[in-house]
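**Q** The structure under discussion is supplied below as structure tokens; questions concerning it will follow.
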Amino acid sequence: MKQNLIKFKTLALGLCTACVALTTGCSENEYAKINTDPSTIGEGNPIFLFTQEQVQYQPFDYLLWYYDGAYTSKLVQAYSPSTSFNDLYNKLAELGGVGSQLIYVKRYENDIKAAIAKMPADKAAQYSHLSAMANALSVYMGLFDTDLFGSRPYSETAQAKYGGTLTPNYESQEKLFEQWLTELNADLAKLKETNTQISVGDNDLAYGGDAKKWVKFINGIKLKIAARLLHQDKAKALKIAEEVGADDANVMQAITDDYVYNKGTGGDGGNNTYGTDNSVNLGTCSKNVIDFMRRNKDPRMLVMFTKNDFNSEVIQAFFDAQARGDNNCAIPKYILDQVNYTTDGAGHKHFTSWKGDGEPWVRYQGLPIGMTISEKAEYTGDNNYFVTTRWKVTDGDKSKTYSPLSYFNEELVRGRVDYTFPTAPKGKVVQDTEDNPLYEMTISTAEMNLYLAEFKLLGANLPHSAADYFKTGVEASAKAYSRLATLNKIPYYDKAHCNDKLDEPVTYNDAAIATMMAKADYQLTGNVASDLEKVYIQMYLHFFYQPLEQFVTVRRSGVPKVGSSLIPWVAMKPSTELPRRFYIAQPDPADKMRAIIEAAMTQQGFTFTDGQKPELLNSERVWYDKGAPNFGEGPNY
């Protein structure tokens, strides 16, 4: 403390000396320059403000993976709880950040608008493109927030700094869609302006200021809105699709058009740079999904999900433990069925090779979808999915437990995951501990073209066939996943990062994509009902990386559907007992927003509740979800 006092006195003396110098050396006019009105100080540079807006553009809020996405991924049967579904799986607990993400980008857009508004007209005109880009990010995040909550604040959000309100009004989903389409069309008009524009360059983390790519991004948002409008105004939805699709320059054509960004050192050095520190809480991948992708040689499976732990070294460790008399450990039959091995005279098994497609395909196994199946003998016997004690191998004083199942590949969304490669109990410890600033992706070539395939099948007048859009979309999705796997350096992404002698990398080439596209399940035939299901299945697969988009797709399409030969829906509970939106709790009496929120909920016909009433969250739907099919029923357009 004494040392701090001395420092403070020294600082005070210095300040006094400086004051004397100012008093004797500064004129009254110079004082006027120093004592500037605070309201005129600190105007931000719009270019740097835009970079910060991109940094705050966060559809992958870290809580998404732990709460919101964990709920939706199980509700649409993309994943299963590791102990199988139970009677409570349709109830929601604490929610994450979805519904409140807009404000983080909107405040920077408002700052950009304010800065441009103070410029002379000729200079302000040079920022037209930047203004459009900034607004597009706000619209995207506004749409993201409304999907599961309906009415939200938008126009009055983050305006208090500029004389606006601290209690912004909620706007209905219907009006928001109209507002956003108007804004997006204005943004497109701005991007077509040919007068000299300020150079954004690398300060644009995604597109380097390329106006042509931003045109495609904005048209991608329009397609997202159009898809959500189909049950309320199909004619308008098709018209929007026709406006977008009329010119190929409006549509992403290759993965270089995808909105892929890396915040690098521009983030906060933590979650905003590397992605969440929380583990991804999605569960175990659905067996129905894995089986579909594996039989169709869909290489996206290799990077979307993790290899299981049963490589050749681990399998041999099980054989050796059994030879030592360990009768408890056992390789699940669904894995052993893929192994070629010999047995010596003492009954000791020796791994020789993989059957069938071999590495890496044999390393992917999903969990069956079903209620309380962990209690059923058919899932705990030879085909053991649940009894983890049988996955444990002991060799002397060393023991390890191995998982035979596949999970979401966390390093696609987390840049600071330490991965330990599976080895025998006494094997060497091999780890991947490299930290990588995260590459993330939102609107993509795959998404846009799959929407256009859908709209073409529903009657839109578009220049290309549904089959052409579909092919472009699926191929682009496969290329995008391989690109993300390489950029984010996921486990096994190249041969140098493999460990077992038989390990093969999980990234892939165009030949693997061509093999996938040759499969019947990946081709449209002209049967509209069948083709629509195939399009929705591909959206479902593409959006494994974006769980809320996946939920929206399943909710509006009814796909996966019951009895499908592609990815079937498993009817575990009546569809009326599955939430279709997130809950909204009664505001506290002291909440200044209480009256506004209550009015918005009344207007929507929503009841304040918690996550323990899924029937209510099913029947009280957001505006654009009204009339959509129940889960598992298939399309009803």
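Scheme for the structure tokens: letters A, B, ... for chains in order shown; per-chain residue numbers from 1; ligand numbers from 1 in order shown.
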Do you know which residues are at most 9 Å from Ile198 in chain A counting only C-alpha atoms, after dropping those on the same chain fewer than 3 positions away, and could you put them as a tab-separated table (two decimals) with all heavy atoms, in the first residue's frame?

**A**
```
chain	number	residue	atom	x	y	z
A	47	ILE	N	-15.38	2.03	-41.39
A	47	ILE	CA	-14.75	0.79	-41.84
A	47	ILE	C	-14.39	-0.09	-40.65
A	47	ILE	O	-14.68	-1.30	-40.64
A	47	ILE	CB	-13.49	1.10	-42.68
A	47	ILE	CG1	-13.88	1.83	-43.97
A	47	ILE	CG2	-12.72	-0.18	-43.00
A	47	ILE	CD1	-12.69	2.28	-44.79
A	123	LYS	N	-19.04	12.68	-49.78
A	123	LYS	CA	-18.26	11.67	-49.07
A	123	LYS	C	-19.15	10.53	-48.60
A	123	LYS	O	-18.78	9.35	-48.68
A	123	LYS	CB	-17.54	12.31	-47.88
A	123	LYS	CG	-16.64	11.33	-47.12
A	123	LYS	CD	-15.89	12.01	-45.99
A	123	LYS	CE	-14.99	11.01	-45.27
A	123	LYS	NZ	-14.27	11.65	-44.12
A	126	GLN	N	-19.78	7.62	-50.82
A	126	GLN	CA	-18.72	6.62	-50.98
A	126	GLN	C	-18.87	5.45	-50.00
A	126	GLN	O	-18.13	4.48	-50.09
A	126	GLN	CB	-17.36	7.29	-50.77
A	126	GLN	CG	-17.04	8.38	-51.76
A	126	GLN	CD	-15.73	9.07	-51.45
A	126	GLN	OE1	-14.83	8.50	-50.83
A	126	GLN	NE2	-15.60	10.32	-51.89
A	127	TYR	N	-19.81	5.57	-49.10
A	127	TYR	CA	-20.02	4.53	-48.09
A	127	TYR	C	-21.31	3.75	-48.32
A	127	TYR	O	-21.77	3.03	-47.44
A	127	TYR	CB	-20.04	5.15	-46.69
A	127	TYR	CG	-18.68	5.60	-46.21
A	127	TYR	CD1	-18.20	6.86	-46.55
A	127	TYR	CD2	-17.88	4.78	-45.43
A	127	TYR	CE1	-16.95	7.29	-46.12
A	127	TYR	CE2	-16.63	5.19	-44.99
A	127	TYR	CZ	-16.17	6.46	-45.34
A	127	TYR	OH	-14.94	6.88	-44.91
A	128	SER	N	-21.90	3.89	-49.50
A	128	SER	CA	-23.17	3.20	-49.79
A	128	SER	C	-23.03	1.69	-49.67
A	128	SER	O	-23.88	1.01	-49.09
A	128	SER	CB	-23.66	3.56	-51.19
A	128	SER	OG	-24.04	4.91	-51.25
A	129	HIS	N	-21.95	1.15	-50.25
A	129	HIS	CA	-21.75	-0.30	-50.19
A	129	HIS	C	-21.57	-0.76	-48.75
A	129	HIS	O	-22.16	-1.76	-48.32
A	129	HIS	CB	-20.54	-0.70	-51.02
A	129	HIS	CG	-20.75	-0.57	-52.50
A	129	HIS	ND1	-19.82	-1.01	-53.42
A	129	HIS	CD2	-21.77	-0.06	-53.21
A	129	HIS	CE1	-20.27	-0.76	-54.64
A	129	HIS	NE2	-21.44	-0.18	-54.54
A	130	LEU	N	-20.77	-0.03	-48.01
A	130	LEU	CA	-20.53	-0.40	-46.61
A	130	LEU	C	-21.82	-0.37	-45.80
A	130	LEU	O	-22.08	-1.26	-44.98
A	130	LEU	CB	-19.50	0.55	-45.99
A	130	LEU	CG	-19.10	0.25	-44.54
A	130	LEU	CD1	-18.31	-1.05	-44.47
A	130	LEU	CD2	-18.28	1.39	-43.96
```

**Q** What lies within 8 Å of range 161-171 of chain A using only C-alpha atoms, ignoring chain neighbours under 3 positions off, as a PyMOL selection string?

**A** chain A and resi 151-158+175-176+592-593+596-597+600

**Q** Skipping near chain neighbours, those fewer than 4 positions away, what residues fall within 12 Å of range 453-455 of chain A using only C-alpha atoms, listed as number ranges by chain?

**A** A: 223-224, 226-230, 234-245, 446-449, 459-474, 523-524, 526, 528-539, 553, 557, 635, 637

**Q** Just checking: using only C-alpha atoms, which residue out of A:Leu191, A:Ile116, A:Val413, A:Ala121 ends up closest to Thr273 in chain A?

**A**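 Closest to Thr273 in chain A of all the choices is A:Val413.
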
**Q** Within 6 Å of His348 in chain A, counting only C-alpha atoms, which residues show up once you throw out same-chain ones fewer than 3 positions away? Write them as an MDAnalysis selection string, please.

**A** chainID A and resid 323 343:344

**Q** Can those selected residues be exported to a file as a PDB file, in the first residue's frame so that it contains all heavy atoms?

**A**
```pdb
ATOM      1  N   ALA A 323      -7.640 -62.427 -24.289  1.00  0.00           N
ATOM      2  CA  ALA A 323      -6.700 -63.551 -24.210  1.00  0.00           C
ATOM      3  C   ALA A 323      -6.101 -63.671 -22.815  1.00  0.00           C
ATOM      4  O   ALA A 323      -5.721 -64.778 -22.387  1.00  0.00           O
ATOM      5  CB  ALA A 323      -5.587 -63.381 -25.247  1.00  0.00           C
ATOM      6  N   THR A 343      -7.431 -66.381 -35.633  1.00  0.00           N
ATOM      7  CA  THR A 343      -7.423 -66.911 -34.265  1.00  0.00           C
ATOM      8  C   THR A 343      -6.366 -68.003 -34.186  1.00  0.00           C
ATOM      9  O   THR A 343      -6.393 -68.962 -34.972  1.00  0.00           O
ATOM     10  CB  THR A 343      -8.798 -67.495 -33.887  1.00  0.00           C
ATOM     11  OG1 THR A 343      -9.801 -66.498 -34.107  1.00  0.00           O
ATOM     12  CG2 THR A 343      -8.814 -67.929 -32.437  1.00  0.00           C
ATOM     13  N   ASP A 344      -5.401 -67.853 -33.256  1.00  0.00           N
ATOM     14  CA  ASP A 344      -4.333 -68.856 -33.155  1.00  0.00           C
ATOM     15  C   ASP A 344      -4.793 -70.054 -32.334  1.00  0.00           C
ATOM     16  O   ASP A 344      -5.937 -70.112 -31.865  1.00  0.00           O
ATOM     17  CB  ASP A 344      -3.058 -68.227 -32.582  1.00  0.00           C
ATOM     18  CG  ASP A 344      -3.232 -67.696 -31.166  1.00  0.00           C
ATOM     19  OD1 ASP A 344      -4.118 -68.187 -30.440  1.00  0.00           O
ATOM     20  OD2 ASP A 344      -2.464 -66.781 -30.777  1.00  0.00           O
TER      21      ASP A 344
END
```

**Q** Restricting the calculation to only C-alpha atoms, which member of A:Leu95, A:Val387, A:Ala211, A:Leu205 is positioned closest to Gly264 in chain A?

**A** A:Leu205

**Q** If we count only C-alpha atoms, what is near range 51-62 of chain A at a cut-off of 10 Å, once residues fewer than 5 positions away on the same chain are taken out, given as a PDB file with C-alpha atoms, in the first residue's frame?

**A**
```
ATOM      1  CA  PRO A  46     -17.184   3.301 -40.385  1.00  0.00           C
ATOM      2  CA  TYR A  67     -28.413 -25.185 -24.613  1.00  0.00           C
ATOM      3  CA  ASP A  68     -30.393 -24.084 -27.679  1.00  0.00           C
ATOM      4  CA  GLY A  69     -28.798 -26.287 -30.321  1.00  0.00           C
ATOM      5  CA  GLY A  96     -29.057 -19.799 -24.246  1.00  0.00           C
ATOM      6  CA  GLY A  97     -28.456 -16.620 -26.219  1.00  0.00           C
ATOM      7  CA  VAL A  98     -30.779 -17.177 -29.171  1.00  0.00           C
ATOM      8  CA  GLN A 101     -28.179 -11.695 -30.705  1.00  0.00           C
ATOM      9  CA  LEU A 102     -29.382  -8.857 -32.937  1.00  0.00           C
ATOM     10  CA  ILE A 103     -28.388  -6.057 -30.586  1.00  0.00           C
ATOM     11  CA  TYR A 104     -24.684  -6.924 -30.790  1.00  0.00           C
ATOM     12  CA  VAL A 105     -24.555  -6.153 -34.508  1.00  0.00           C
ATOM     13  CA  LYS A 106     -27.318  -3.556 -34.636  1.00  0.00           C
ATOM     14  CA  ARG A 107     -25.484  -1.149 -32.344  1.00  0.00           C
ATOM     15  CA  TYR A 108     -22.500  -1.106 -34.725  1.00  0.00           C
ATOM     16  CA  GLU A 109     -24.744  -0.660 -37.743  1.00  0.00           C
ATOM     17  CA  ASP A 111     -22.914   3.770 -35.251  1.00  0.00           C
ATOM     18  CA  ILE A 112     -21.990   3.369 -38.915  1.00  0.00           C
ATOM     19  CA  MET A 133     -23.209  -4.670 -45.930  1.00  0.00           C
ATOM     20  CA  ALA A 134     -23.724  -3.499 -42.356  1.00  0.00           C
ATOM     21  CA  LEU A 137     -25.747  -8.495 -41.035  1.00  0.00           C
ATOM     22  CA  SER A 138     -28.428  -6.918 -38.847  1.00  0.00           C
ATOM     23  CA  TYR A 140     -29.604 -11.854 -40.733  1.00  0.00           C
ATOM     24  CA  MET A 141     -29.354 -11.717 -36.961  1.00  0.00           C
ATOM     25  CA  PHE A 144     -32.071 -15.619 -36.421  1.00  0.00           C
ATOM     26  CA  ASP A 145     -33.671 -14.173 -33.272  1.00  0.00           C
ATOM     27  CA  VAL A 200     -12.851  -1.814 -47.220  1.00  0.00           C
ATOM     28  CA  ASP A 202      -9.288  -6.918 -45.455  1.00  0.00           C
ATOM     29  CA  ASN A 203     -11.391  -5.054 -42.909  1.00  0.00           C
ATOM     30  CA  ASP A 204     -14.236  -7.085 -44.376  1.00  0.00           C
ATOM     31  CA  LEU A 205     -13.481 -10.440 -42.752  1.00  0.00           C
ATOM     32  CA  ALA A 206     -15.569 -12.471 -45.202  1.00  0.00           C
ATOM     33  CA  TYR A 261     -15.002 -15.798 -41.895  1.00  0.00           C
ATOM     34  CA  ASN A 262     -12.172 -15.964 -39.402  1.00  0.00           C
ATOM     35  CA  LYS A 263     -11.998 -13.366 -36.655  1.00  0.00           C
ATOM     36  CA  GLY A 264      -8.355 -14.125 -35.933  1.00  0.00           C
ATOM     37  CA  GLY A 266      -9.781  -9.208 -34.457  1.00  0.00           C
ATOM     38  CA  GLY A 267     -11.825 -11.126 -31.923  1.00  0.00           C
ATOM     39  CA  ASP A 268     -11.539 -10.967 -28.175  1.00  0.00           C
ATOM     40  CA  ASN A 271     -14.801 -17.270 -27.320  1.00  0.00           C
ATOM     41  CA  ASN A 272     -15.216 -14.654 -30.019  1.00  0.00           C
ATOM     42  CA  THR A 273     -11.991 -15.747 -31.673  1.00  0.00           C
ATOM     43  CA  GLY A 275     -15.457 -20.396 -30.474  1.00  0.00           C
ATOM     44  CA  THR A 276     -16.963 -21.676 -27.277  1.00  0.00           C
ATOM     45  CA  ASP A 277     -14.964 -23.054 -24.376  1.00  0.00           C
ATOM     46  CA  ASN A 278     -18.008 -25.143 -23.455  1.00  0.00           C
ATOM     47  CA  SER A 279     -18.150 -28.693 -24.710  1.00  0.00           C
ATOM     48  CA  VAL A 280     -20.634 -29.232 -27.513  1.00  0.00           C
ATOM     49  CA  VAL A 413     -16.938 -25.005 -33.986  1.00  0.00           C
ATOM     50  CA  ARG A 414     -14.275 -24.909 -31.262  1.00  0.00           C
ATOM     51  CA  GLU A 440     -17.183 -20.209 -39.388  1.00  0.00           C
ATOM     52  CA  MET A 441     -19.777 -20.362 -42.163  1.00  0.00           C
ATOM     53  CA  THR A 442     -23.317 -19.080 -42.467  1.00  0.00           C
ATOM     54  CA  TYR A 545     -23.408 -27.372 -38.697  1.00  0.00           C
ATOM     55  CA  GLN A 546     -26.245 -24.878 -38.019  1.00  0.00           C
ATOM     56  CA  PRO A 547     -28.682 -26.601 -35.645  1.00  0.00           C
ATOM     57  CA  LEU A 548     -31.298 -23.846 -35.541  1.00  0.00           C
TER      58      LEU A 548
END
```

**Q** Work out how far apart CA of Leu302 in chain A and CA of Val429 in chain A are and give it in Å to one decimal.

**A**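 For CA of Leu302 in chain A relative to CA of Val429 in chain A, the distance reads 23.4 Å.
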
**Q** Enumerate as a tab-separated table (two decimals) with N, CA and C atoms, in the first residue's frame all residues of range 118-366 of chain A assigned to strand (DSSP E) by DSSP on the backbone, naming them with the chain letters and numbers the document uses.

**A**
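Result went into states.tsv, see below:
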```
chain	number	residue	atom	x	y	z
A	152	ARG	N	-40.15	-9.56	-32.16
A	152	ARG	CA	-38.92	-9.09	-31.51
A	152	ARG	C	-38.75	-7.60	-31.75
A	153	PRO	N	-37.98	-6.91	-30.90
A	153	PRO	CA	-37.62	-5.53	-31.21
A	153	PRO	C	-36.64	-5.50	-32.39
A	170	TYR	N	-41.80	-4.14	-29.63
A	170	TYR	CA	-41.73	-5.40	-30.36
A	170	TYR	C	-42.49	-5.23	-31.67
A	171	GLU	N	-41.98	-5.86	-32.72
A	171	GLU	CA	-42.65	-5.85	-34.01
A	171	GLU	C	-43.03	-7.27	-34.38
A	260	VAL	N	-17.76	-17.31	-45.28
A	260	VAL	CA	-16.83	-17.97	-44.37
A	260	VAL	C	-15.91	-16.90	-43.81
A	261	TYR	N	-15.77	-16.87	-42.51
A	261	TYR	CA	-15.00	-15.80	-41.89
A	261	TYR	C	-14.18	-16.33	-40.73
A	262	ASN	N	-13.07	-15.62	-40.50
A	262	ASN	CA	-12.17	-15.96	-39.40
A	262	ASN	C	-11.83	-14.67	-38.68
A	284	THR	N	-25.17	-38.03	-29.08
A	284	THR	CA	-24.56	-39.01	-29.98
A	284	THR	C	-25.31	-39.00	-31.30
A	285	CYS	N	-24.59	-39.09	-32.40
A	285	CYS	CA	-25.23	-38.99	-33.70
A	285	CYS	C	-26.25	-40.10	-33.93
A	339	VAL	N	-14.53	-56.48	-39.04
A	339	VAL	CA	-13.12	-56.78	-38.82
A	339	VAL	C	-12.74	-58.16	-39.36
A	340	ASN	N	-11.68	-58.22	-40.10
A	340	ASN	CA	-11.06	-59.49	-40.46
A	340	ASN	C	-9.98	-59.80	-39.42
A	341	TYR	N	-10.03	-61.00	-38.86
A	341	TYR	CA	-9.03	-61.37	-37.86
A	341	TYR	C	-8.78	-62.88	-37.95
A	342	THR	N	-7.64	-63.26	-37.42
A	342	THR	CA	-7.30	-64.69	-37.33
A	342	THR	C	-7.32	-65.10	-35.86
A	343	THR	N	-7.43	-66.38	-35.63
A	343	THR	CA	-7.42	-66.91	-34.27
A	343	THR	C	-6.37	-68.00	-34.19
A	349	LYS	N	-7.16	-63.85	-30.70
A	349	LYS	CA	-7.52	-63.22	-31.96
A	349	LYS	C	-6.48	-62.18	-32.33
A	350	HIS	N	-6.28	-62.03	-33.65
A	350	HIS	CA	-5.31	-61.06	-34.16
A	350	HIS	C	-5.94	-60.28	-35.32
A	351	PHE	N	-6.00	-58.96	-35.16
A	351	PHE	CA	-6.56	-58.09	-36.21
A	351	PHE	C	-5.70	-58.20	-37.47
A	352	THR	N	-6.35	-58.37	-38.63
A	352	THR	CA	-5.61	-58.41	-39.89
A	352	THR	C	-5.99	-57.26	-40.83
A	353	SER	N	-7.29	-56.96	-40.92
A	353	SER	CA	-7.71	-55.89	-41.85
A	353	SER	C	-9.17	-55.54	-41.59
A	354	TRP	N	-9.59	-54.48	-42.25
A	354	TRP	CA	-11.00	-54.08	-42.21
A	354	TRP	C	-11.76	-54.73	-43.36
```

**Q** Taking a cut-off of 12 Å and counting only C-alpha atoms, can you build a table that, for each residue of range 380-436 of chain A near range 286-293 of chain A, reports the nearest atom pair and how far apart they are in Å (one decimal), sorted by chain then residue number, as CSV?

**A**
```
residue,atom,partner,partner_atom,distance
A:Tyr385,CA,A:Lys287,CA,10.9
A:Leu405,CA,A:Lys287,CA,9.4
A:Ser406,CA,A:Ile290,CA,8.8
A:Tyr407,CA,A:Ser286,CA,9.1
A:Phe408,CA,A:Ser286,CA,10.4
```

**Q** Please determine, counting only C-alpha atoms, which residue among A:Glu633, A:Asp122, A:Glu434, A:Glu620 has the shortest atom-to-atom distance to Arg555 in chain A.

**A** A:Glu633

**Q** In Å, how far is it from CA of Ser82 in chain A to CA of Gly283 in chain A?

**A**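 Between these atoms lies a distance of 5.9 Å.
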
**Q** If you run DSSP on the backbone here, which positions in range 224-345 of chain A get helix (DSSP H, G or I)? Please write them as a PyMOL selection string.

**A** chain A and resi 224-229+234-245+248-250+255-257+264-266+271-274+287-295+300-304+312-323+333-336
